[in-house]
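Pasted below: coords.pdb, PDB, C-alpha atoms and all ligand atoms.
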ATOM      1  CA  MET A 889     -34.191 202.327   1.671  1.00  0.00           C
ATOM      2  CA  ALA A 890     -31.223 204.298   2.983  1.00  0.00           C
ATOM      3  CA  LYS A 891     -33.241 207.475   2.630  1.00  0.00           C
ATOM      4  CA  ILE A 892     -36.218 205.994   4.467  1.00  0.00           C
ATOM      5  CA  PHE A 893     -33.942 204.753   7.230  1.00  0.00           C
ATOM      6  CA  MET A 894     -32.408 208.194   7.536  1.00  0.00           C
ATOM      7  CA  GLN A 895     -35.820 209.828   7.756  1.00  0.00           C
ATOM      8  CA  ARG A 896     -36.938 207.415  10.459  1.00  0.00           C
ATOM      9  CA  LEU A 897     -33.847 208.103  12.554  1.00  0.00           C
ATOM     10  CA  TRP A 898     -34.474 211.781  12.189  1.00  0.00           C
ATOM     11  CA  GLN A 899     -38.109 211.530  13.242  1.00  0.00           C
ATOM     12  CA  LEU A 900     -37.454 209.304  16.246  1.00  0.00           C
ATOM     13  CA  LYS A 901     -34.641 211.390  17.742  1.00  0.00           C
ATOM     14  CA  VAL A 902     -33.126 208.260  19.188  1.00  0.00           C
ATOM     15  CA  SER A 903     -30.665 208.792  21.994  1.00  0.00           C
ATOM     16  CA  TRP A 904     -27.575 206.738  21.215  1.00  0.00           C
ATOM     17  CA  ASP A 905     -27.231 205.572  24.772  1.00  0.00           C
ATOM     18  CA  GLU A 906     -30.519 203.704  24.396  1.00  0.00           C
ATOM     19  CA  PRO A 907     -31.258 200.403  22.693  1.00  0.00           C
ATOM     20  CA  LEU A 908     -32.591 200.882  19.184  1.00  0.00           C
ATOM     21  CA  PRO A 909     -36.348 200.606  18.692  1.00  0.00           C
ATOM     22  CA  SER A 910     -37.309 197.307  17.103  1.00  0.00           C
ATOM     23  CA  ASP A 911     -38.911 198.925  14.061  1.00  0.00           C
ATOM     24  CA  ILE A 912     -35.648 200.683  13.242  1.00  0.00           C
ATOM     25  CA  THR A 913     -33.873 197.342  13.497  1.00  0.00           C
ATOM     26  CA  LYS A 914     -36.379 195.831  11.081  1.00  0.00           C
ATOM     27  CA  GLU A 915     -35.969 198.654   8.609  1.00  0.00           C
ATOM     28  CA  TRP A 916     -32.244 198.317   8.764  1.00  0.00           C
ATOM     29  CA  GLN A 917     -32.513 194.577   8.129  1.00  0.00           C
ATOM     30  CA  SER A 918     -34.689 195.360   5.172  1.00  0.00           C
ATOM     31  CA  TYR A 919     -32.118 197.859   3.924  1.00  0.00           C
ATOM     32  CA  PHE A 920     -29.459 195.189   4.027  1.00  0.00           C
ATOM     33  CA  ASN A 921     -31.631 192.481   2.557  1.00  0.00           C
ATOM     34  CA  ASN A 922     -33.014 194.484  -0.317  1.00  0.00           C
ATOM     35  CA  LEU A 923     -29.821 196.057  -1.490  1.00  0.00           C
ATOM     36  CA  ASN A 924     -27.609 193.133  -0.611  1.00  0.00           C
ATOM     37  CA  LEU A 925     -24.957 195.612   0.440  1.00  0.00           C
ATOM     38  CA  LEU A 926     -23.672 193.882   3.485  1.00  0.00           C
ATOM     39  CA  ASN A 927     -22.018 191.091   1.596  1.00  0.00           C
ATOM     40  CA  THR A 928     -20.356 193.329  -0.922  1.00  0.00           C
ATOM     41  CA  TYR A 929     -19.318 196.228   1.277  1.00  0.00           C
ATOM     42  CA  SER A 930     -16.657 196.005   3.953  1.00  0.00           C
ATOM     43  CA  VAL A 931     -17.294 196.877   7.591  1.00  0.00           C
ATOM     44  CA  PRO A 932     -15.467 200.242   7.301  1.00  0.00           C
ATOM     45  CA  ARG A 933     -17.622 201.174   4.337  1.00  0.00           C
ATOM     46  CA  HIS A 934     -20.813 200.373   6.234  1.00  0.00           C
ATOM     47  CA  VAL A 935     -19.485 202.344   9.170  1.00  0.00           C
ATOM     48  CA  ARG A 936     -18.865 205.378   6.972  1.00  0.00           C
ATOM     49  CA  VAL A 937     -22.320 205.157   5.348  1.00  0.00           C
ATOM     50  CA  ILE A 938     -24.014 205.037   8.751  1.00  0.00           C
ATOM     51  CA  ALA A 939     -21.783 207.808  10.068  1.00  0.00           C
ATOM     52  CA  TYR A 940     -22.915 210.112   7.251  1.00  0.00           C
ATOM     53  CA  ILE A 941     -26.544 209.196   7.917  1.00  0.00           C
ATOM     54  CA  LEU A 942     -26.108 210.015  11.602  1.00  0.00           C
ATOM     55  CA  ARG A 943     -24.344 213.277  10.735  1.00  0.00           C
ATOM     56  CA  PHE A 944     -27.193 214.216   8.433  1.00  0.00           C
ATOM     57  CA  LYS A 945     -29.689 213.528  11.181  1.00  0.00           C
ATOM     58  CA  ASN A 946     -27.640 215.478  13.697  1.00  0.00           C
ATOM     59  CA  ASN A 947     -27.136 218.465  11.410  1.00  0.00           C
ATOM     60  CA  ALA A 948     -30.804 218.479  10.491  1.00  0.00           C
ATOM     61  CA  THR A 949     -32.050 218.432  14.077  1.00  0.00           C
ATOM     62  CA  SER A 950     -29.400 220.378  15.965  1.00  0.00           C
ATOM     63  CA  ARG A 951     -29.260 224.159  16.202  1.00  0.00           C
ATOM     64  CA  ASN A 952     -25.611 224.003  17.110  1.00  0.00           C
ATOM     65  CA  ILE A 953     -22.695 224.190  14.697  1.00  0.00           C
ATOM     66  CA  LYS A 954     -23.154 221.859  11.741  1.00  0.00           C
ATOM     67  CA  GLN A 955     -20.606 219.105  11.359  1.00  0.00           C
ATOM     68  CA  LEU A 956     -18.783 219.331   8.035  1.00  0.00           C
ATOM     69  CA  GLY A 957     -15.667 217.865   6.448  1.00  0.00           C
ATOM     70  CA  PRO A 958     -14.173 214.410   6.913  1.00  0.00           C
ATOM     71  CA  LEU A 959     -15.789 212.106   9.449  1.00  0.00           C
ATOM     72  CA  THR A 960     -14.234 212.290  12.895  1.00  0.00           C
ATOM     73  CA  SER A 961     -13.154 209.266  14.910  1.00  0.00           C
ATOM     74  CA  SER A 962     -15.976 209.831  17.402  1.00  0.00           C
ATOM     75  CA  GLU A 963     -18.531 209.895  14.567  1.00  0.00           C
ATOM     76  CA  LEU A 964     -17.095 206.660  13.205  1.00  0.00           C
ATOM     77  CA  ASN A 965     -17.127 205.035  16.605  1.00  0.00           C
ATOM     78  CA  LEU A 966     -20.734 206.095  17.181  1.00  0.00           C
ATOM     79  CA  SER A 967     -21.602 204.627  13.814  1.00  0.00           C
ATOM     80  CA  LEU A 968     -19.886 201.339  14.617  1.00  0.00           C
ATOM     81  CA  MET A 969     -21.764 201.146  17.929  1.00  0.00           C
ATOM     82  CA  THR A 970     -25.026 201.777  16.087  1.00  0.00           C
ATOM     83  CA  LEU A 971     -24.306 198.928  13.690  1.00  0.00           C
ATOM     84  CA  ILE A 972     -23.429 196.665  16.604  1.00  0.00           C
ATOM     85  CA  LYS A 973     -26.676 197.541  18.384  1.00  0.00           C
ATOM     86  CA  ILE A 974     -28.588 196.535  15.283  1.00  0.00           C
ATOM     87  CA  VAL A 975     -26.765 193.214  15.019  1.00  0.00           C
ATOM     88  CA  GLN A 976     -27.159 192.499  18.737  1.00  0.00           C
ATOM     89  CA  ASN A 977     -30.852 193.355  18.684  1.00  0.00           C
ATOM     90  CA  GLU A 978     -31.299 191.021  15.770  1.00  0.00           C
ATOM     91  CA  CYS A 979     -29.430 188.083  17.306  1.00  0.00           C
ATOM     92  CA  PHE A 980     -29.727 188.563  21.062  1.00  0.00           C
ATOM     93  CA  GLY A 981     -33.094 190.283  21.324  1.00  0.00           C
ATOM     94  CA  ASN A 982     -34.315 187.936  24.074  1.00  0.00           C
ATOM     95  CA  GLU A 983     -31.207 188.419  26.171  1.00  0.00           C
ATOM     96  CA  ILE A 984     -31.379 192.190  25.787  1.00  0.00           C
ATOM     97  CA  SER A 985     -35.001 192.300  26.878  1.00  0.00           C
ATOM     98  CA  ASP A 986     -34.256 189.937  29.794  1.00  0.00           C
ATOM     99  CA  LEU A 987     -31.431 192.166  30.935  1.00  0.00           C
ATOM    100  CA  SER A 988     -33.638 195.219  30.693  1.00  0.00           C
ATOM    101  CA  ILE A 989     -36.055 193.821  33.279  1.00  0.00           C
ATOM    102  CA  LYS A 990     -33.762 191.718  35.459  1.00  0.00           C
ATOM    103  CA  ARG A 991     -30.063 191.359  35.967  1.00  0.00           C
ATOM    104  CA  SER A 992     -29.458 188.073  34.212  1.00  0.00           C
ATOM    105  CA  VAL A 993     -30.333 186.246  31.031  1.00  0.00           C
ATOM    106  CA  ASN A 994     -32.488 183.144  30.772  1.00  0.00           C
ATOM    107  CA  ASN A 995     -30.895 179.914  32.044  1.00  0.00           C
ATOM    108  CA  LYS A 996     -31.109 178.450  28.568  1.00  0.00           C
ATOM    109  CA  SER A 997     -29.403 181.341  26.846  1.00  0.00           C
ATOM    110  CA  LYS A 998     -26.189 180.587  24.981  1.00  0.00           C
ATOM    111  CA  LEU A 999     -24.802 183.750  26.554  1.00  0.00           C
ATOM    112  CA  LEU A1000     -25.367 182.550  30.129  1.00  0.00           C
ATOM    113  CA  LYS A1001     -21.726 181.630  30.758  1.00  0.00           C
ATOM    114  CA  LEU A1002     -20.591 185.043  29.583  1.00  0.00           C
ATOM    115  CA  ASN A1003     -22.549 186.709  32.391  1.00  0.00           C
ATOM    116  CA  PRO A1004     -23.472 189.480  29.957  1.00  0.00           C
ATOM    117  CA  PHE A1005     -24.623 192.961  30.864  1.00  0.00           C
ATOM    118  CA  MET A1006     -25.777 196.061  29.019  1.00  0.00           C
ATOM    119  CA  ASP A1007     -23.593 199.141  28.871  1.00  0.00           C
ATOM    120  CA  LYS A1008     -24.939 202.173  27.012  1.00  0.00           C
ATOM    121  CA  GLY A1009     -27.130 199.941  24.891  1.00  0.00           C
ATOM    122  CA  ILE A1010     -24.318 197.514  24.041  1.00  0.00           C
ATOM    123  CA  LEU A1011     -24.278 193.897  25.210  1.00  0.00           C
ATOM    124  CA  ARG A1012     -20.909 193.068  26.776  1.00  0.00           C
ATOM    125  CA  VAL A1013     -19.199 190.128  28.437  1.00  0.00           C
ATOM    126  CA  GLY A1014     -19.374 190.359  32.229  1.00  0.00           C
ATOM    127  CA  GLY A1015     -16.700 189.015  34.544  1.00  0.00           C
ATOM    128  CA  ARG A1016     -14.599 189.461  37.588  1.00  0.00           C
ATOM    129  CA  ILE A1017     -12.082 191.956  36.310  1.00  0.00           C
ATOM    130  CA  LYS A1018     -14.231 195.024  36.680  1.00  0.00           C
ATOM    131  CA  HIS A1019     -11.551 196.797  38.644  1.00  0.00           C
ATOM    132  CA  SER A1020      -8.646 196.048  36.347  1.00  0.00           C
ATOM    133  CA  PRO A1021      -6.940 199.003  34.681  1.00  0.00           C
ATOM    134  CA  PHE A1022      -7.823 197.879  31.152  1.00  0.00           C
ATOM    135  CA  ALA A1023     -10.249 199.800  28.950  1.00  0.00           C
ATOM    136  CA  ILE A1024     -13.848 198.620  28.979  1.00  0.00           C
ATOM    137  CA  ASP A1025     -13.519 197.011  25.542  1.00  0.00           C
ATOM    138  CA  LYS A1026     -10.750 194.748  26.793  1.00  0.00           C
ATOM    139  CA  LYS A1027     -12.331 194.043  30.191  1.00  0.00           C
ATOM    140  CA  HIS A1028     -15.806 193.548  28.803  1.00  0.00           C
ATOM    141  CA  PRO A1029     -15.662 192.783  25.087  1.00  0.00           C
ATOM    142  CA  ILE A1030     -18.688 193.423  22.902  1.00  0.00           C
ATOM    143  CA  VAL A1031     -20.676 190.227  22.306  1.00  0.00           C
ATOM    144  CA  LEU A1032     -21.234 189.274  18.667  1.00  0.00           C
ATOM    145  CA  PRO A1033     -22.886 186.242  17.068  1.00  0.00           C
ATOM    146  CA  ASN A1034     -20.814 183.926  14.905  1.00  0.00           C
ATOM    147  CA  ASP A1035     -23.479 183.391  12.266  1.00  0.00           C
ATOM    148  CA  HIS A1036     -24.198 186.991  11.285  1.00  0.00           C
ATOM    149  CA  VAL A1037     -22.703 188.457   8.145  1.00  0.00           C
ATOM    150  CA  PHE A1038     -21.471 191.446  10.139  1.00  0.00           C
ATOM    151  CA  SER A1039     -19.215 189.198  12.237  1.00  0.00           C
ATOM    152  CA  LYS A1040     -17.912 187.513   9.106  1.00  0.00           C
ATOM    153  CA  LEU A1041     -17.104 190.872   7.516  1.00  0.00           C
ATOM    154  CA  LEU A1042     -15.473 192.048  10.727  1.00  0.00           C
ATOM    155  CA  VAL A1043     -13.190 189.001  10.868  1.00  0.00           C
ATOM    156  CA  GLU A1044     -12.356 189.326   7.168  1.00  0.00           C
ATOM    157  CA  TYR A1045     -11.545 192.984   7.619  1.00  0.00           C
ATOM    158  CA  GLU A1046      -9.303 192.339  10.609  1.00  0.00           C
ATOM    159  CA  HIS A1047      -7.580 189.461   8.833  1.00  0.00           C
ATOM    160  CA  LYS A1048      -6.652 191.774   5.953  1.00  0.00           C
ATOM    161  CA  ARG A1049      -5.766 194.671   8.214  1.00  0.00           C
ATOM    162  CA  LEU A1050      -3.318 192.424  10.040  1.00  0.00           C
ATOM    163  CA  LEU A1051      -1.761 191.483   6.705  1.00  0.00           C
ATOM    164  CA  HIS A1052      -3.349 188.036   6.635  1.00  0.00           C
ATOM    165  CA  ALA A1053      -2.623 187.052  10.195  1.00  0.00           C
ATOM    166  CA  GLY A1054      -3.183 183.432  11.174  1.00  0.00           C
ATOM    167  CA  PRO A1055      -6.131 182.279  13.293  1.00  0.00           C
ATOM    168  CA  GLN A1056      -4.449 182.657  16.671  1.00  0.00           C
ATOM    169  CA  ALA A1057      -3.187 186.199  16.180  1.00  0.00           C
ATOM    170  CA  LEU A1058      -6.418 187.169  14.481  1.00  0.00           C
ATOM    171  CA  LEU A1059      -8.565 185.883  17.334  1.00  0.00           C
ATOM    172  CA  ALA A1060      -6.328 187.544  19.927  1.00  0.00           C
ATOM    173  CA  SER A1061      -6.620 190.851  18.134  1.00  0.00           C
ATOM    174  CA  LEU A1062     -10.386 190.643  17.793  1.00  0.00           C
ATOM    175  CA  ARG A1063     -10.748 189.794  21.480  1.00  0.00           C
ATOM    176  CA  GLU A1064      -9.202 193.095  22.409  1.00  0.00           C
ATOM    177  CA  ARG A1065     -12.619 194.485  21.643  1.00  0.00           C
ATOM    178  CA  PHE A1066     -15.097 191.812  20.542  1.00  0.00           C
ATOM    179  CA  TRP A1067     -16.239 188.445  21.840  1.00  0.00           C
ATOM    180  CA  ILE A1068     -17.614 186.447  18.921  1.00  0.00           C
ATOM    181  CA  LEU A1069     -19.465 183.321  20.052  1.00  0.00           C
ATOM    182  CA  SER A1070     -17.465 180.280  18.896  1.00  0.00           C
ATOM    183  CA  GLY A1071     -15.120 182.840  17.435  1.00  0.00           C
ATOM    184  CA  ARG A1072     -12.313 180.341  17.007  1.00  0.00           C
ATOM    185  CA  ASN A1073     -14.331 178.382  14.451  1.00  0.00           C
ATOM    186  CA  LEU A1074     -15.323 181.481  12.507  1.00  0.00           C
ATOM    187  CA  VAL A1075     -11.768 182.787  12.458  1.00  0.00           C
ATOM    188  CA  ARG A1076     -10.396 179.465  11.221  1.00  0.00           C
ATOM    189  CA  LYS A1077     -13.028 179.326   8.512  1.00  0.00           C
ATOM    190  CA  ILE A1078     -12.272 182.842   7.268  1.00  0.00           C
ATOM    191  CA  VAL A1079      -8.532 182.177   7.146  1.00  0.00           C
ATOM    192  CA  ARG A1080      -9.024 178.805   5.478  1.00  0.00           C
ATOM    193  CA  ASN A1081     -11.169 180.409   2.776  1.00  0.00           C
ATOM    194  CA  CYS A1082      -8.880 183.375   2.156  1.00  0.00           C
ATOM    195  CA  MET A1083      -7.644 183.246  -1.437  1.00  0.00           C
ATOM    196  CA  THR A1084      -4.632 185.447  -0.718  1.00  0.00           C
ATOM    197  CA  CYS A1085      -3.414 183.102   2.018  1.00  0.00           C
ATOM    198  CA  PHE A1086      -4.092 180.122  -0.204  1.00  0.00           C
ATOM    199  CA  ARG A1087      -2.185 181.608  -3.135  1.00  0.00           C
ATOM    200  CA  SER A1088       0.775 182.544  -0.966  1.00  0.00           C
ATOM    201  CA  ASN A1089       1.026 178.972   0.230  1.00  0.00           C
ATOM    202  CA  PRO A1090      -1.341 176.438  -1.283  1.00  0.00           C
ATOM    203  CA  GLY A1091       0.122 173.579   0.824  1.00  0.00           C
ATOM    204  CA  GLU A1092      -1.727 172.105   3.742  1.00  0.00           C
ATOM    205  CA  ASN A1093       0.448 173.646   6.446  1.00  0.00           C
ATOM    206  CA  VAL A1094      -0.081 177.233   5.537  1.00  0.00           C
ATOM    207  CA  GLU A1095       2.334 179.646   7.175  1.00  0.00           C
ATOM    208  CA  TYR A1096       0.306 182.739   7.687  1.00  0.00           C
ATOM    209  CA  LEU A1097       1.734 186.170   7.291  1.00  0.00           C
ATOM    210  CA  MET A1098       1.941 187.825  10.663  1.00  0.00           C
ATOM    211  CA  ALA A1099       1.583 191.382  11.799  1.00  0.00           C
ATOM    212  CA  ASP A1100       1.982 193.192  15.087  1.00  0.00           C
ATOM    213  CA  LEU A1101      -1.049 192.983  17.316  1.00  0.00           C
ATOM    214  CA  PRO A1102      -2.787 196.302  17.669  1.00  0.00           C
ATOM    215  CA  SER A1103      -3.992 197.533  21.043  1.00  0.00           C
ATOM    216  CA  GLN A1104      -7.493 197.515  19.660  1.00  0.00           C
ATOM    217  CA  LEU A1105      -9.289 197.319  16.367  1.00  0.00           C
ATOM    218  CA  ALA A1106      -8.070 200.143  14.208  1.00  0.00           C
ATOM    219  CA  ASN A1107      -9.826 203.374  13.833  1.00  0.00           C
ATOM    220  CA  PHE A1108     -11.959 202.909  10.759  1.00  0.00           C
ATOM    221  CA  GLN A1109     -10.980 206.367   9.614  1.00  0.00           C
ATOM    222  CA  ASP A1110      -7.584 204.961   8.720  1.00  0.00           C
ATOM    223  CA  CYS A1111      -9.143 202.460   6.385  1.00  0.00           C
ATOM    224  CA  SER A1112     -11.359 204.683   4.327  1.00  0.00           C
ATOM    225  CA  SER A1113      -9.805 203.572   1.096  1.00  0.00           C
ATOM    226  CA  GLY A1114      -9.685 199.970   2.279  1.00  0.00           C
ATOM    227  CA  TYR A1115     -11.652 197.113   0.966  1.00  0.00           C
TER     228      TYR A1115
HETATM  229 ZN    ZN A1201      -5.542 185.789   4.119  1.00  0.00          ZN
END

Show the structure stored in the file as structure tokens.
Amino acid sequence: MAKIFMQRLWQLKVSWDEPLPSDITKEWQSYFNNLNLLNTYSVPRHVRVIAYILRFKNNATSRNIKQLGPLTSSELNLSLMTLIKIVQNECFGNEISDLSIKRSVNNKSKLLKLNPFMDKGILRVGGRIKHSPFAIDKKHPIVLPNDHVFSKLLVEYEHKRLLHAGPQALLASLRERFWILSGRNLVRKIVRNCMTCFRSNPGENVEYLMADLPSQLANFQDCSSGY
């Protein structure tokens, strides 16, 4: 399936500033479903796999210098954005198509209060702080569902990266870049179910290990040997 997916990307010559075609999204879903990789691989590992696929496609279609060696941070970021587009297309397809033809989502959408908008193919939280000096990720976090395995893996990854941070610190860190719907509940659930946290303190009032808050989710390149 990975090979087929790679071939399709190559054939379509998708521009990465555009939303992904729906058939690509379906194939990717199939890739995940059939191989059951998403549950067993961590987010950084998925990001690296996709980054290599994108590099292959780029090297195969470009006449410029071929990219070799370790993945660069921009390749990894592009890969992460591609994964996010797939997840968002899967879960917020209606909102994305609404926003492509008008400037707001349907009144019944669960994203309505977030005043979402599309930026380079990514669905982000809108708001009134457009002119603040913060980076776009902080001003307009990327919207993610709370019931997709990608979001679960992302929270698990961040929880471990922050050395088993408690729910509050974990949520604050994630919100530097991502807005998970009902994120508080998901974060609490992940921490509650973490065996490492449980083993370190099996009592009811678990004192979570804390770590410094990063300015944004770490570069996945730093975590290549991670989970
Ligand atoms: Zn933990």

Let me have the centre and edge lengths of the axis-aligned box enclosing all listed atoms of range 975-994 of chain A with 8 Å padding on every side, in Å to one decimal, as lines of an AutoDock Vina configuration file.
center_x = -31.4
center_y = 189.2
center_z = 25.5
size_x = 25.3
size_y = 28.1
size_z = 36.9

* **Expected selection from the PyMOL selection byres (((not hetatm)) within 7 of (chain A and resi 1201)), given as a VMD selection string** => chain A and resid 1047 to 1048 1052 to 1053 1079 1082 to 1085

* Could you list the residues chosen by the PyMOL selection byres (((chain A and resi 1012) around 10) and not hetatm) in this structure as number ranges by chain? => A: 1002-1011, 1013-1015, 1024-1025, 1027-1032, 1065-1067

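Proximity to Ile1068 in chain A was assessed for A:Ala948, A:Ile972, A:Leu1051, A:Leu987 counting all atoms listed in the file; the smallest distance is recorded for A:Ile972.
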
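Among the candidate residues A:Lys1040, A:Lys996, A:Lys1001, A:Lys973, the one lying nearest to Val931 in chain A is A:Lys1040, with distances computed using only C-alpha atoms.
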
* Asked: Distance CA of Gln976 in chain A-CA of Asn995 in chain A, one decimal place?
  -> 18.7 Å

* Report as a PyMOL selection string the residues that result from applying the PyMOL selection byres (((chain A and resi 1042) around 12) and not hetatm) to the structure here. => chain A and resi 926-927+929-935+968+971-972+1032-1041+1043-1049+1058-1059+1061-1063+1065-1068+1071+1074-1075+1078+1105-1106+1108+1115

* Separation of CA of Glu978 in chain A from CA of Glu963 in chain A in Å ->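 Spanning CA of Glu963 in chain A to CA of Glu978 in chain A is a straight-line distance of 22.8 Å.
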
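Between CA of Arg1076 in chain A and CA of Lys998 in chain A lies a distance of 21.0 Å.
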
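Closest approach to Arg1080 in chain A among A:Ile984, A:Gly1054, A:Thr960, A:Arg951: A:Gly1054, based on only C-alpha atoms.
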
My structure is short of atoms at range 979-994 of chain A; please model N, CA and C atoms there, returning them as a short mmCIF file (atom, residue, chain, number, x, y, z; two decimals), keeping the file's coordinate frame.
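Contents of rebuild_12.cif, as written:
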data_model
loop_
_atom_site.label_atom_id
_atom_site.label_comp_id
_atom_site.auth_asym_id
_atom_site.auth_seq_id
_atom_site.Cartn_x
_atom_site.Cartn_y
_atom_site.Cartn_z
N CYS A 979 -29.85 189.43 16.91
CA CYS A 979 -29.43 188.08 17.31
C CYS A 979 -29.63 187.78 18.79
N PHE A 980 -29.62 188.79 19.61
CA PHE A 980 -29.73 188.56 21.06
C PHE A 980 -30.89 189.36 21.65
N GLY A 981 -31.95 189.48 20.89
CA GLY A 981 -33.09 190.28 21.32
C GLY A 981 -33.66 189.81 22.65
N ASN A 982 -33.75 188.48 22.83
CA ASN A 982 -34.32 187.94 24.07
C ASN A 982 -33.43 188.29 25.27
N GLU A 983 -32.13 188.12 25.07
CA GLU A 983 -31.21 188.42 26.17
C GLU A 983 -31.26 189.90 26.54
N ILE A 984 -31.34 190.75 25.52
CA ILE A 984 -31.38 192.19 25.79
C ILE A 984 -32.65 192.56 26.54
N SER A 985 -33.77 191.96 26.14
CA SER A 985 -35.00 192.30 26.88
C SER A 985 -34.98 191.70 28.28
N ASP A 986 -34.39 190.50 28.44
CA ASP A 986 -34.26 189.94 29.79
C ASP A 986 -33.43 190.86 30.69
N LEU A 987 -32.33 191.32 30.13
CA LEU A 987 -31.43 192.17 30.94
C LEU A 987 -32.05 193.52 31.25
N SER A 988 -33.01 193.92 30.43
CA SER A 988 -33.64 195.22 30.69
C SER A 988 -34.63 195.15 31.86
N ILE A 989 -35.10 193.92 32.17
CA ILE A 989 -36.06 193.82 33.28
C ILE A 989 -35.49 193.09 34.50
N LYS A 990 -34.43 192.34 34.30
CA LYS A 990 -33.76 191.72 35.46
C LYS A 990 -32.26 191.70 35.19
N ARG A 991 -31.51 191.19 36.09
CA ARG A 991 -30.06 191.36 35.97
C ARG A 991 -29.36 190.18 35.30
N SER A 992 -30.13 189.20 34.86
CA SER A 992 -29.46 188.07 34.21
C SER A 992 -30.28 187.59 33.03
N VAL A 993 -29.63 186.79 32.19
CA VAL A 993 -30.33 186.25 31.03
C VAL A 993 -30.97 184.93 31.42
N ASN A 994 -31.81 184.41 30.54
CA ASN A 994 -32.49 183.14 30.77
C ASN A 994 -31.46 182.02 30.95
#
